[in-house]
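K.L.:
Contents are mmCIF, C-alpha atoms and all ligand atoms; file name coords.cif:
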data_run
#
loop_
_atom_site.label_atom_id
_atom_site.label_comp_id
_atom_site.auth_asym_id
_atom_site.auth_seq_id
_atom_site.Cartn_x
_atom_site.Cartn_y
_atom_site.Cartn_z
CA MET A 1 -48.91 9.42 33.37
CA LYS A 2 -49.50 9.81 29.68
CA TYR A 3 -49.26 6.94 27.23
CA TYR A 4 -48.20 7.20 23.59
CA SER A 5 -48.58 4.69 20.79
CA THR A 6 -45.56 2.78 19.45
CA ASN A 7 -46.85 3.61 15.96
CA GLY A 8 -46.70 7.32 16.75
CA ASN A 9 -49.95 8.15 14.99
CA ALA A 10 -52.57 8.15 17.74
CA PRO A 11 -53.57 10.73 20.34
CA ILE A 12 -51.79 10.58 23.70
CA ALA A 13 -53.93 8.67 26.23
CA ASP A 14 -54.28 8.70 29.99
CA LEU A 15 -54.10 5.45 31.97
CA HIS A 16 -57.88 5.02 32.05
CA LYS A 17 -58.15 5.23 28.29
CA ALA A 18 -55.10 3.02 27.71
CA VAL A 19 -56.62 0.31 29.94
CA VAL A 20 -60.12 0.47 28.46
CA LYS A 21 -58.97 0.66 24.84
CA GLY A 22 -56.03 -1.76 25.07
CA LEU A 23 -54.70 -0.94 21.62
CA ALA A 24 -54.19 2.63 20.34
CA GLU A 25 -56.22 3.97 17.39
CA ASP A 26 -53.28 3.43 15.02
CA ARG A 27 -53.03 -0.21 16.21
CA GLY A 28 -49.81 0.59 18.08
CA LEU A 29 -49.13 -0.43 21.68
CA TYR A 30 -49.34 2.06 24.51
CA MET A 31 -46.07 3.06 26.17
CA PRO A 32 -45.70 5.23 29.29
CA GLU A 33 -44.08 8.58 28.44
CA GLN A 34 -41.74 8.16 31.36
CA ILE A 35 -40.23 5.25 33.27
CA LYS A 36 -39.35 6.40 36.76
CA LYS A 37 -36.19 5.16 38.44
CA LEU A 38 -36.68 3.80 41.93
CA PRO A 39 -34.43 5.32 44.61
CA LYS A 40 -31.20 3.71 45.78
CA ALA A 41 -32.63 3.25 49.29
CA PHE A 42 -35.30 0.97 47.85
CA PHE A 43 -32.72 -1.35 46.32
CA ASP A 44 -30.53 -1.17 49.43
CA ASN A 45 -33.35 -2.55 51.58
CA ILE A 46 -35.24 -4.67 49.09
CA GLN A 47 -33.99 -7.98 50.52
CA ASP A 48 -35.86 -7.28 53.77
CA MET A 49 -39.15 -6.41 52.10
CA LYS A 50 -41.97 -8.81 51.33
CA PHE A 51 -43.40 -9.41 47.85
CA GLN A 52 -46.48 -7.21 48.32
CA ASP A 53 -44.51 -4.22 49.60
CA ILE A 54 -41.93 -4.48 46.85
CA ALA A 55 -44.77 -4.66 44.31
CA TYR A 56 -46.53 -1.66 45.83
CA ASN A 57 -43.38 0.44 45.38
CA VAL A 58 -43.09 -0.64 41.76
CA ALA A 59 -46.81 -0.07 41.11
CA SER A 60 -46.61 3.42 42.60
CA ALA A 61 -43.93 4.38 40.09
CA PHE A 62 -46.11 3.24 37.18
CA PHE A 63 -49.62 4.08 38.37
CA GLY A 64 -49.21 6.38 41.40
CA GLU A 65 -50.06 9.54 39.45
CA ASP A 66 -53.37 8.13 38.25
CA VAL A 67 -54.62 5.97 41.09
CA ASP A 68 -55.18 6.97 44.70
CA LEU A 69 -52.30 5.40 46.67
CA ASP A 70 -54.47 3.67 49.27
CA ALA A 71 -56.60 2.17 46.53
CA LEU A 72 -53.48 1.13 44.64
CA LYS A 73 -52.18 -0.61 47.74
CA ASP A 74 -55.45 -2.53 48.05
CA ILE A 75 -55.28 -3.54 44.41
CA VAL A 76 -51.69 -4.77 44.74
CA TYR A 77 -52.34 -6.70 47.96
CA ASP A 78 -55.50 -8.25 46.55
CA THR A 79 -53.63 -9.26 43.39
CA LEU A 80 -50.67 -10.84 45.18
CA SER A 81 -52.36 -13.28 47.50
CA PHE A 82 -49.74 -15.95 46.78
CA ASP A 83 -46.02 -16.46 46.89
CA CYS A 84 -43.56 -16.70 44.01
CA PRO A 85 -40.48 -18.45 45.35
CA VAL A 86 -37.04 -18.80 43.80
CA VAL A 87 -35.92 -22.43 44.04
CA LYS A 88 -32.38 -23.69 43.53
CA VAL A 89 -32.21 -26.32 40.78
CA LYS A 90 -28.46 -26.85 40.50
CA ASP A 91 -25.13 -25.01 40.81
CA ASN A 92 -25.81 -21.42 39.80
CA ILE A 93 -29.23 -22.03 38.26
CA TYR A 94 -32.45 -21.08 40.03
CA SER A 95 -36.10 -21.45 39.09
CA LEU A 96 -38.43 -18.51 39.63
CA GLU A 97 -41.73 -20.34 40.05
CA LEU A 98 -44.43 -18.15 38.59
CA PHE A 99 -47.16 -20.76 38.85
CA HIS A 100 -48.49 -20.39 42.37
CA GLY A 101 -51.40 -18.10 41.45
CA PRO A 102 -55.10 -19.04 41.45
CA THR A 103 -55.02 -20.78 38.04
CA LEU A 104 -51.34 -21.71 38.31
CA ALA A 105 -50.45 -19.26 35.54
CA PHE A 106 -48.16 -16.22 35.72
CA LYS A 107 -50.87 -14.41 33.77
CA ASP A 108 -52.98 -14.42 36.95
CA VAL A 109 -51.20 -11.33 38.25
CA GLY A 110 -51.88 -9.16 35.23
CA ALA A 111 -55.45 -10.38 34.89
CA ARG A 112 -56.38 -9.71 38.50
CA PHE A 113 -54.58 -6.36 38.57
CA MET A 114 -56.38 -5.23 35.43
CA ALA A 115 -59.76 -6.35 36.79
CA ARG A 116 -59.30 -4.39 40.01
CA LEU A 117 -57.94 -1.33 38.21
CA LEU A 118 -60.91 -1.30 35.82
CA GLN A 119 -63.23 -1.62 38.80
CA TYR A 120 -61.47 1.35 40.42
CA PHE A 121 -62.07 3.51 37.34
CA ILE A 122 -65.71 2.43 37.10
CA ARG A 123 -66.34 3.36 40.74
CA GLN A 124 -64.45 6.61 40.47
CA GLU A 125 -66.65 7.69 37.59
CA GLY A 126 -69.73 6.67 39.50
CA GLN A 127 -70.57 4.76 36.38
CA HIS A 128 -73.52 2.41 36.61
CA GLU A 129 -73.38 0.85 33.20
CA GLN A 130 -71.88 -2.64 33.21
CA VAL A 131 -68.54 -3.06 31.44
CA ASN A 132 -68.25 -6.18 29.30
CA VAL A 133 -64.92 -7.84 28.72
CA LEU A 134 -64.57 -10.05 25.66
CA VAL A 135 -61.64 -12.45 25.56
CA ALA A 136 -60.79 -15.12 23.00
CA THR A 137 -58.63 -17.94 24.31
CA SER A 138 -56.85 -21.07 23.26
CA GLY A 139 -56.57 -22.01 26.95
CA ASP A 140 -54.40 -20.21 29.48
CA THR A 141 -55.46 -16.61 28.93
CA GLY A 142 -59.14 -17.45 29.34
CA SER A 143 -58.63 -19.14 32.68
CA ALA A 144 -56.41 -16.37 34.06
CA VAL A 145 -58.77 -13.61 32.88
CA ALA A 146 -61.92 -15.41 34.05
CA ASN A 147 -60.50 -16.06 37.50
CA GLY A 148 -58.97 -12.61 37.75
CA PHE A 149 -62.31 -10.94 37.01
CA LEU A 150 -64.43 -13.42 38.98
CA GLY A 151 -66.76 -11.62 41.37
CA VAL A 152 -65.50 -8.14 40.40
CA GLU A 153 -68.57 -5.94 40.55
CA GLY A 154 -69.70 -3.97 37.52
CA ILE A 155 -67.84 -6.15 35.04
CA HIS A 156 -69.07 -9.14 33.05
CA VAL A 157 -66.64 -11.40 31.17
CA TYR A 158 -67.36 -13.44 28.04
CA VAL A 159 -64.70 -16.08 27.35
CA LEU A 160 -64.80 -17.41 23.80
CA TYR A 161 -63.03 -20.72 23.25
CA PRO A 162 -62.84 -23.29 20.45
CA LYS A 163 -64.99 -26.34 21.13
CA GLY A 164 -62.92 -29.46 21.82
CA LYS A 165 -59.60 -27.65 21.40
CA VAL A 166 -58.64 -26.68 24.94
CA SER A 167 -57.45 -29.19 27.54
CA PRO A 168 -60.09 -30.54 29.97
CA ILE A 169 -58.39 -28.82 32.94
CA GLN A 170 -58.28 -25.49 31.15
CA GLU A 171 -61.90 -25.79 30.09
CA CYS A 172 -62.96 -26.36 33.71
CA GLN A 173 -61.05 -23.27 34.78
CA PHE A 174 -63.43 -20.95 32.97
CA THR A 175 -66.65 -22.94 32.44
CA THR A 176 -67.36 -23.85 36.07
CA LEU A 177 -67.15 -20.40 37.65
CA GLY A 178 -70.61 -18.93 37.07
CA LYS A 179 -71.26 -15.47 38.60
CA ASN A 180 -70.03 -12.76 36.21
CA ILE A 181 -68.22 -15.19 33.91
CA THR A 182 -69.89 -16.60 30.80
CA ALA A 183 -68.08 -19.22 28.73
CA ILE A 184 -68.94 -19.30 25.03
CA GLU A 185 -68.11 -22.53 23.26
CA VAL A 186 -67.50 -21.71 19.63
CA ASP A 187 -67.87 -24.38 16.96
CA GLY A 188 -64.58 -23.47 15.28
CA VAL A 189 -60.88 -22.86 15.94
CA PHE A 190 -59.12 -20.20 18.02
CA ASP A 191 -58.86 -17.84 15.06
CA ASP A 192 -62.67 -17.94 14.71
CA CYS A 193 -63.00 -16.90 18.37
CA GLN A 194 -60.58 -14.05 17.85
CA ALA A 195 -62.42 -12.95 14.70
CA LEU A 196 -65.74 -12.87 16.60
CA VAL A 197 -64.20 -10.65 19.28
CA LYS A 198 -62.67 -8.31 16.71
CA SER A 199 -65.94 -8.03 14.79
CA ALA A 200 -67.78 -7.26 18.03
CA PHE A 201 -65.46 -4.32 18.78
CA MET A 202 -66.06 -2.90 15.31
CA ASP A 203 -69.85 -3.31 15.29
CA GLU A 204 -71.53 0.03 15.91
CA ALA A 205 -74.96 -1.21 16.97
CA LEU A 206 -73.41 -3.60 19.46
CA ASN A 207 -71.17 -0.90 20.94
CA GLN A 208 -74.19 1.32 21.40
CA HIS A 209 -76.03 -1.50 23.12
CA MET A 210 -73.25 -2.39 25.56
CA LYS A 211 -69.88 -1.11 26.76
CA LEU A 212 -67.18 -3.46 25.45
CA THR A 213 -63.52 -3.79 26.35
CA SER A 214 -60.77 -6.37 25.88
CA ALA A 215 -58.45 -8.06 28.36
CA ASN A 216 -55.85 -8.81 25.77
CA SER A 217 -52.25 -9.34 26.91
CA ILE A 218 -51.05 -6.21 25.16
CA ASN A 219 -53.00 -4.14 27.69
CA VAL A 220 -50.67 -2.03 29.86
CA ALA A 221 -52.57 -3.09 32.99
CA ARG A 222 -51.96 -6.74 32.15
CA PHE A 223 -48.29 -6.78 31.23
CA LEU A 224 -46.74 -4.14 33.51
CA PRO A 225 -47.66 -5.83 36.83
CA GLN A 226 -45.51 -8.77 35.76
CA ALA A 227 -42.53 -6.53 36.59
CA PHE A 228 -43.32 -7.27 40.26
CA TYR A 229 -42.00 -10.80 39.80
CA TYR A 230 -38.53 -9.63 38.82
CA PHE A 231 -38.05 -7.19 41.66
CA ASN A 232 -39.11 -9.92 44.06
CA ALA A 233 -36.74 -12.45 42.48
CA TYR A 234 -33.89 -9.97 42.78
CA ALA A 235 -34.74 -9.39 46.45
CA ARG A 236 -34.80 -13.11 47.26
CA MET A 237 -31.46 -13.64 45.49
CA LYS A 238 -29.92 -10.62 47.16
CA ALA A 239 -30.93 -12.01 50.55
CA GLN A 240 -28.67 -14.96 49.71
CA ASP A 241 -25.86 -12.73 48.43
CA LYS A 242 -26.35 -14.08 44.92
CA ALA A 243 -27.56 -10.98 43.12
CA ASP A 244 -24.38 -9.27 41.90
CA GLN A 245 -24.15 -10.92 38.48
CA LEU A 246 -27.73 -11.90 37.91
CA VAL A 247 -28.88 -13.19 34.53
CA MET A 248 -32.65 -13.38 34.02
CA CYS A 249 -33.94 -15.89 31.50
CA VAL A 250 -37.56 -15.69 30.34
CA PRO A 251 -39.35 -18.29 28.19
CA SER A 252 -41.15 -16.05 25.73
CA GLY A 253 -44.07 -16.12 23.31
CA ASN A 254 -45.71 -12.74 22.93
CA PHE A 255 -42.82 -11.18 24.92
CA GLY A 256 -45.08 -9.49 27.47
CA ASN A 257 -43.41 -11.12 30.45
CA ILE A 258 -39.84 -10.30 29.40
CA CYS A 259 -40.96 -6.82 28.41
CA ALA A 260 -42.16 -6.25 31.98
CA ALA A 261 -38.75 -7.45 33.22
CA LEU A 262 -37.04 -4.97 30.89
CA PHE A 263 -39.23 -2.15 32.21
CA GLY A 264 -37.99 -3.19 35.66
CA HIS A 265 -34.42 -2.91 34.42
CA ALA A 266 -35.19 0.56 33.08
CA MET A 267 -36.40 1.48 36.59
CA GLY A 268 -32.99 0.56 37.96
CA LEU A 269 -33.38 -3.12 38.80
CA PRO A 270 -29.77 -4.40 38.77
CA ILE A 271 -30.03 -7.36 36.42
CA LYS A 272 -26.80 -7.83 34.44
CA ARG A 273 -28.39 -9.22 31.29
CA PHE A 274 -31.45 -11.04 29.94
CA ILE A 275 -32.02 -14.13 27.83
CA ALA A 276 -35.22 -14.61 25.82
CA ALA A 277 -35.73 -18.36 25.51
CA ASN A 278 -37.85 -19.54 22.61
CA ASN A 279 -39.18 -22.82 21.33
CA ALA A 280 -38.97 -23.47 17.58
CA ASN A 281 -40.73 -20.14 16.97
CA ASP A 282 -37.54 -18.16 16.50
CA VAL A 283 -38.53 -14.78 15.05
CA PHE A 284 -36.96 -12.81 17.91
CA TYR A 285 -33.88 -15.04 17.98
CA ASN A 286 -33.38 -14.34 14.28
CA TYR A 287 -33.85 -10.62 14.85
CA LEU A 288 -31.02 -10.66 17.39
CA GLN A 289 -28.71 -12.40 14.89
CA THR A 290 -29.58 -10.37 11.80
CA GLY A 291 -31.15 -7.08 12.90
CA LYS A 292 -34.16 -7.91 10.74
CA TYR A 293 -37.58 -8.54 12.25
CA GLU A 294 -39.38 -10.97 10.00
CA PRO A 295 -42.65 -12.32 11.43
CA LYS A 296 -43.84 -15.67 10.13
CA ALA A 297 -46.64 -18.16 10.76
CA SER A 298 -46.29 -19.89 14.11
CA VAL A 299 -45.45 -23.58 14.33
CA GLN A 300 -47.02 -25.89 16.90
CA THR A 301 -44.68 -27.11 19.65
CA LEU A 302 -44.70 -28.86 23.03
CA ALA A 303 -44.49 -25.43 24.68
CA ASN A 304 -47.68 -24.21 23.04
CA ALA A 305 -48.17 -21.03 25.07
CA MET A 306 -45.05 -19.78 23.28
CA ASP A 307 -46.21 -20.66 19.76
CA VAL A 308 -46.17 -17.11 18.44
CA GLY A 309 -44.88 -16.08 15.03
CA ASP A 310 -45.27 -12.31 15.40
CA PRO A 311 -44.77 -11.42 19.08
CA SER A 312 -46.88 -8.34 19.77
CA ASN A 313 -44.62 -6.89 22.45
CA PHE A 314 -41.64 -6.74 20.12
CA ALA A 315 -42.91 -3.26 19.25
CA ARG A 316 -42.54 -2.21 22.89
CA ILE A 317 -39.03 -3.61 23.27
CA TYR A 318 -37.97 -1.99 19.99
CA ASP A 319 -39.36 1.34 21.15
CA LEU A 320 -37.86 1.05 24.65
CA TYR A 321 -34.33 0.92 23.19
CA GLY A 322 -34.85 3.59 20.56
CA LYS A 323 -35.12 1.00 17.76
CA SER A 324 -31.40 0.26 18.23
CA HIS A 325 -30.37 -3.31 17.46
CA GLU A 326 -27.05 -2.61 19.15
CA ARG A 327 -28.65 -1.54 22.41
CA ILE A 328 -31.01 -4.50 22.35
CA THR A 329 -28.28 -7.08 21.70
CA SER A 330 -26.01 -5.58 24.34
CA LEU A 331 -28.61 -6.42 27.00
CA ILE A 332 -30.62 -9.33 25.59
CA SER A 333 -29.51 -12.57 23.98
CA GLY A 334 -31.67 -15.37 22.64
CA ALA A 335 -31.98 -19.13 22.46
CA THR A 336 -34.24 -21.46 20.52
CA TYR A 337 -35.08 -25.14 21.13
CA ASN A 338 -37.07 -27.64 19.12
CA ASP A 339 -39.35 -30.28 20.66
CA GLU A 340 -36.65 -32.96 20.71
CA GLN A 341 -34.33 -30.65 22.62
CA ILE A 342 -37.11 -29.68 25.03
CA LYS A 343 -37.78 -33.35 25.81
CA GLU A 344 -34.08 -34.09 26.24
CA THR A 345 -33.72 -31.11 28.60
CA MET A 346 -36.66 -32.25 30.72
CA ARG A 347 -35.25 -35.76 31.00
CA GLN A 348 -31.70 -34.61 31.70
CA CYS A 349 -32.76 -32.09 34.34
CA TYR A 350 -35.03 -34.59 36.09
CA LYS A 351 -32.31 -37.26 36.10
CA GLU A 352 -29.67 -34.87 37.38
CA THR A 353 -31.64 -32.77 39.88
CA ASN A 354 -35.10 -34.35 40.39
CA TYR A 355 -36.64 -31.02 39.37
CA ILE A 356 -39.67 -31.43 37.09
CA LEU A 357 -39.63 -28.87 34.30
CA ASP A 358 -42.65 -28.17 32.14
CA PRO A 359 -41.94 -27.72 28.39
CA HIS A 360 -41.92 -23.89 28.67
CA GLY A 361 -39.61 -23.71 31.66
CA ALA A 362 -37.37 -26.27 29.96
CA CYS A 363 -36.46 -23.70 27.29
CA GLY A 364 -35.45 -21.24 30.00
CA TYR A 365 -33.44 -23.77 31.98
CA GLN A 366 -31.54 -25.01 28.94
CA ALA A 367 -30.72 -21.47 27.80
CA LEU A 368 -28.97 -20.95 31.15
CA VAL A 369 -27.18 -24.29 30.99
CA ASP A 370 -25.91 -23.27 27.53
CA GLY A 371 -25.28 -19.58 28.10
CA LEU A 372 -24.31 -18.85 31.69
CA GLN A 373 -20.76 -17.68 32.37
CA GLU A 374 -18.82 -18.89 35.37
CA ASP A 375 -19.17 -15.83 37.56
CA GLU A 376 -22.88 -15.40 36.81
CA VAL A 377 -25.97 -16.62 38.64
CA GLY A 378 -28.96 -17.46 36.46
CA VAL A 379 -32.66 -17.36 37.25
CA PHE A 380 -35.13 -18.76 34.74
CA CYS A 381 -38.90 -18.35 34.93
CA GLU A 382 -40.78 -21.61 35.35
CA THR A 383 -43.93 -20.25 33.71
CA ALA A 384 -46.24 -23.25 34.12
CA HIS A 385 -46.87 -25.91 36.72
CA PRO A 386 -45.93 -29.28 35.18
CA ALA A 387 -49.39 -30.65 36.09
CA LYS A 388 -50.93 -28.25 33.59
CA PHE A 389 -49.23 -30.28 30.89
CA LYS A 390 -49.60 -33.55 32.74
CA GLU A 391 -50.08 -35.86 29.75
CA LYS A 392 -46.96 -34.55 28.03
CA VAL A 393 -44.79 -34.41 31.15
CA ASP A 394 -45.83 -37.88 32.34
CA ASP A 395 -45.12 -39.26 28.91
CA ILE A 396 -41.71 -37.59 28.52
CA LEU A 397 -40.43 -38.35 32.02
CA GLY A 398 -42.24 -41.64 32.63
CA ILE A 399 -43.70 -40.36 35.92
CA ASP A 400 -47.11 -39.50 37.34
CA VAL A 401 -47.14 -35.79 38.16
CA ASP A 402 -49.32 -34.84 41.13
CA ILE A 403 -52.22 -32.54 40.39
CA PRO A 404 -52.29 -29.74 43.00
CA ASP A 405 -55.55 -29.40 44.97
CA ARG A 406 -56.21 -25.99 43.50
CA LEU A 407 -56.25 -27.44 40.01
CA SER A 408 -58.33 -30.50 40.85
CA ALA A 409 -60.86 -28.29 42.64
CA PHE A 410 -61.81 -26.81 39.25
CA MET A 411 -62.50 -30.31 37.93
CA LYS A 412 -65.27 -30.81 40.46
CA GLY A 413 -67.44 -27.90 39.29
CA GLU A 414 -70.22 -28.21 36.78
CA LYS A 415 -69.45 -27.16 33.22
CA GLN A 416 -71.68 -24.38 31.91
CA SER A 417 -71.23 -22.86 28.49
CA VAL A 418 -73.22 -21.23 25.73
CA PRO A 419 -72.89 -23.03 22.39
CA MET A 420 -72.18 -20.67 19.49
CA THR A 421 -71.52 -20.93 15.77
CA LYS A 422 -68.59 -19.03 14.24
CA ASP A 423 -71.03 -16.76 12.39
CA PHE A 424 -70.79 -13.23 13.78
CA MET A 425 -74.52 -12.62 13.24
CA ASP A 426 -75.29 -15.35 15.80
CA PHE A 427 -72.83 -13.97 18.33
CA LYS A 428 -74.16 -10.45 17.84
CA ALA A 429 -77.77 -11.60 18.24
CA TYR A 430 -76.79 -13.30 21.49
CA LEU A 431 -75.04 -10.22 22.89
CA MET A 432 -77.89 -7.90 21.83
CA LYS A 433 -80.17 -9.91 24.13
CA GLN A 434 -77.89 -9.48 27.18
C1 LIG B 501 -48.11 -16.92 28.27
C2 LIG B 501 -47.08 -17.94 28.55
C3 LIG B 501 -45.72 -17.81 28.13
C4 LIG B 501 -45.26 -16.67 27.25
O1 LIG B 501 -45.33 -15.42 27.88
P1 LIG B 501 -45.27 -14.10 26.99
O2 LIG B 501 -45.54 -13.00 27.94
O3 LIG B 501 -46.36 -14.23 25.96
O4 LIG B 501 -43.93 -14.04 26.37
C5 LIG B 501 -44.81 -18.76 28.50
N1 LIG B 501 -45.17 -19.84 29.22
C6 LIG B 501 -46.44 -20.02 29.64
C7 LIG B 501 -46.77 -21.24 30.42
C8 LIG B 501 -47.44 -19.08 29.31
O5 LIG B 501 -48.71 -19.30 29.72
#
Could you write out this structure as structure tokens?

P.N.:
Amino acid sequence: MKYYSTNGNAPIADLHKAVVKGLAEDRGLYMPEQIKKLPKAFFDNIQDMKFQDIAYNVASAFFGEDVDLDALKDIVYDTLSFDCPVVKVKDNIYSLELFHGPTLAFKDVGARFMARLLQYFIRQEGQHEQVNVLVATSGDTGSAVANGFLGVEGIHVYVLYPKGKVSPIQECQFTTLGKNITAIEVDGVFDDCQALVKSAFMDEALNQHMKLTSANSINVARFLPQAFYYFNAYARMKAQDKADQLVMCVPSGNFGNICAALFGHAMGLPIKRFIAANNANDVFYNYLQTGKYEPKASVQTLANAMDVGDPSNFARIYDLYGKSHERITSLISGATYNDEQIKETMRQCYKETNYILDPHGACGYQALVDGLQEDEVGVFCETAHPAKFKEKVDDILGIDVDIPDRLSAFMKGEKQSVPMTKDFMDFKAYLMKQ
């Protein structure tokens, strides 16, 4: 499969290059030249298939030309070592729980898949030089990437995070791992971490010294595997005869997750329509109303993984529908909720159904409550386990959320990190010694 840039000004890339480079030379996002439809027989039988097999079929359509099929099967099975159930919340509203992965984040799937795919390319080339992944994080991405790449041979990961600005649980998720994961504690804010990573990619001497790549969420190998979730959700709903008028609602920040769902739709997945649920960061919502895309600075909210003022995957969605506002609005609608509304939704849902929403999932749930028609069945993504936002959830609901064993296990490890200033010369000097 060949990949082109959404900016239309970069050379066509193969999968290997698209994965290693992440972003095209013209700063556009890579798009596959073709999205293959899956055969009718696949959809006819999907309700009897398990998650891994469904995912393997989807992965073959995207990556089957470029990756040996047996190897691809291994990668998919290794990536999906957990379940992602659809749970009934009330009436016609279901929660697709995407938080059963190793770090309880839906980003686990893309991170692990990318790690194993990169490893496949390294082995195939018989390459002996270590590949170094640099990732800046404000929390969730770092833990998913670190755990996804943990123990993957031939790859070393450097996680840069702002000192004192990630939650204690998140910090444990990438500072206690050891092995091929190094946590770098930067005396600064998230933007300083991101600036250090960007400078590193541009520094010639450093790039001659070591092979650098990024595990950013715009990477095709990170966002596309999230399509697996939606095929599986459809299958589980179809098994209950509830899939004829399915509405899929995705709490969105950078729009990678919903973009993967839309790729699924383009492959023939019979979802009737989509809702992009936002917090107070309403750039996409406004685009749907006005046809104008006007990025702005993000505002901080309770659902902080969705605090994005210029969602990078908008470019992909825009490209997918031929830049047509009409086509986009005929399939996708939007919703936006401020912090007060998020709190009220969490309280109301808990009172009515006993289901504990996290602030991100709350946006998705409420968008269905507000927007679902009578003959439709709605599935929203619950993108985070409520224990990940324990202080907030406990406070809003007046309860004491249980911390799952998997999460508390991270808290037992010993924190190891390399202190760093925000001065690029210090970071460079450190990397030059590795
Ligand atoms: C990353 C994330 C989102 C937003 O997903 P996008 O793909 O960026 O739209 C929503 N909720 C949680 C909990 C996340 O970690």

K.L.:
Report, in Å to a single decimal, how far apart CA of Cys84 (chain A) and CA of Leu246 (chain A) are.

P.N.:
17.6 Å

K.L.:
Please report, as a Markdown table, each residue of chain A lying at most 10 Å from ligand LIG 501 (chain B), together with the nearest pair of atoms and the separation in Å rounded to one decimal; use only C-alpha atoms and all ligand atoms, and order rows by chain and ascending residue number.

P.N.:
| residue | atom | partner | partner_atom | distance |
| --- | --- | --- | --- | --- |
| A:Leu98 | CA | B:LIG501 | C7 | 9.0 |
| A:Phe99 | CA | B:LIG501 | C7 | 8.5 |
| A:Leu104 | CA | B:LIG501 | C7 | 9.1 |
| A:Ala105 | CA | B:LIG501 | O5 | 6.1 |
| A:Phe106 | CA | B:LIG501 | O5 | 6.8 |
| A:Lys107 | CA | B:LIG501 | C1 | 6.6 |
| A:Asp108 | CA | B:LIG501 | O5 | 9.7 |
| A:Gly139 | CA | B:LIG501 | O5 | 8.8 |
| A:Asp140 | CA | B:LIG501 | O5 | 5.8 |
| A:Thr141 | CA | B:LIG501 | O5 | 7.3 |
| A:Ala144 | CA | B:LIG501 | O5 | 9.3 |
| A:Ser217 | CA | B:LIG501 | O2 | 7.7 |
| A:Ile218 | CA | B:LIG501 | O2 | 9.2 |
| A:Arg222 | CA | B:LIG501 | O2 | 9.9 |
| A:Phe223 | CA | B:LIG501 | O2 | 7.6 |
| A:Gln226 | CA | B:LIG501 | O2 | 8.9 |
| A:Val250 | CA | B:LIG501 | O4 | 7.7 |
| A:Pro251 | CA | B:LIG501 | C5 | 5.5 |
| A:Ser252 | CA | B:LIG501 | O4 | 3.5 |
| A:Gly253 | CA | B:LIG501 | O4 | 3.7 |
| A:Asn254 | CA | B:LIG501 | O3 | 3.4 |
| A:Phe255 | CA | B:LIG501 | O4 | 3.4 |
| A:Gly256 | CA | B:LIG501 | O2 | 3.6 |
| A:Asn257 | CA | B:LIG501 | O2 | 3.8 |
| A:Ile258 | CA | B:LIG501 | O4 | 6.3 |
| A:Cys259 | CA | B:LIG501 | O2 | 7.7 |
| A:Ala260 | CA | B:LIG501 | O2 | 8.6 |
| A:Ala276 | CA | B:LIG501 | O4 | 8.7 |
| A:Ala277 | CA | B:LIG501 | O4 | 9.3 |
| A:Asn278 | CA | B:LIG501 | O4 | 9.0 |
| A:Asn279 | CA | B:LIG501 | C5 | 10.0 |
| A:Ala303 | CA | B:LIG501 | N1 | 7.2 |
| A:Asn304 | CA | B:LIG501 | C6 | 7.9 |
| A:Ala305 | CA | B:LIG501 | C8 | 4.7 |
| A:Met306 | CA | B:LIG501 | C4 | 5.0 |
| A:Asp307 | CA | B:LIG501 | C4 | 8.5 |
| A:Val308 | CA | B:LIG501 | O3 | 8.1 |
| A:Pro311 | CA | B:LIG501 | O3 | 7.6 |
| A:Ser312 | CA | B:LIG501 | O3 | 8.6 |
| A:Asn313 | CA | B:LIG501 | O4 | 8.2 |
| A:Phe314 | CA | B:LIG501 | O4 | 9.9 |
| A:Asp358 | CA | B:LIG501 | C7 | 8.2 |
| A:Pro359 | CA | B:LIG501 | C7 | 8.3 |
| A:His360 | CA | B:LIG501 | N1 | 5.2 |
| A:Gly361 | CA | B:LIG501 | N1 | 7.2 |
| A:Cys363 | CA | B:LIG501 | N1 | 9.7 |
| A:Gly364 | CA | B:LIG501 | C5 | 9.8 |
| A:Cys381 | CA | B:LIG501 | N1 | 8.6 |
| A:Glu382 | CA | B:LIG501 | N1 | 7.7 |
| A:Thr383 | CA | B:LIG501 | C7 | 4.5 |
| A:Ala384 | CA | B:LIG501 | C7 | 4.2 |
| A:His385 | CA | B:LIG501 | C7 | 7.8 |
| A:Pro386 | CA | B:LIG501 | C7 | 9.4 |
| A:Lys388 | CA | B:LIG501 | C7 | 8.7 |
| A:Phe389 | CA | B:LIG501 | C7 | 9.4 |

K.L.:
May I have the residues within 10 Å of Ala215 (chain A) as a list in words, using all atoms listed in the file and disregarding those fewer than 2 positions away in the same chain?

P.N.:
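Result of the neighbour search: Val19, Val20, Lys21, Gly22, Gly110, Ala111, Met114, Ala115, Val133, Leu134, Val135, Ala136, Thr141, Gly142, Val145, Ala146, Phe149, Val157, Thr213, Ser217, Ile218, Asn219, Val220, Ala221 and Arg222 of chain A.
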
K.L.:
Out of A:His209, A:Lys390, A:Lys292, A:Arg273, which residue has the shortest atom-to-atom distance to Ser333 (chain A) when counting only C-alpha atoms?

P.N.:
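So, comparing all the options, the nearest one is A:Arg273.
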
K.L.:
Write out as a list in words which residues come within 9 Å of Glu33 (chain A) when counting all atoms listed in the file, dropping same-chain ones fewer than 2 positions away.

P.N.:
Met1, Lys2, Tyr3, Tyr4, Met31 and Ile35 of chain A

K.L.:
Include C-alpha atoms and write out the residues we just selected as a PDB file, keeping the file's coordinate frame.

P.N.:
ATOM      1  CA  MET A   1     -48.910   9.420  33.370  1.00  0.00           C
ATOM      2  CA  LYS A   2     -49.500   9.810  29.680  1.00  0.00           C
ATOM      3  CA  TYR A   3     -49.260   6.940  27.230  1.00  0.00           C
ATOM      4  CA  TYR A   4     -48.200   7.200  23.590  1.00  0.00           C
ATOM      5  CA  MET A  31     -46.070   3.060  26.170  1.00  0.00           C
ATOM      6  CA  ILE A  35     -40.230   5.250  33.270  1.00  0.00           C
TER       7      ILE A  35
END
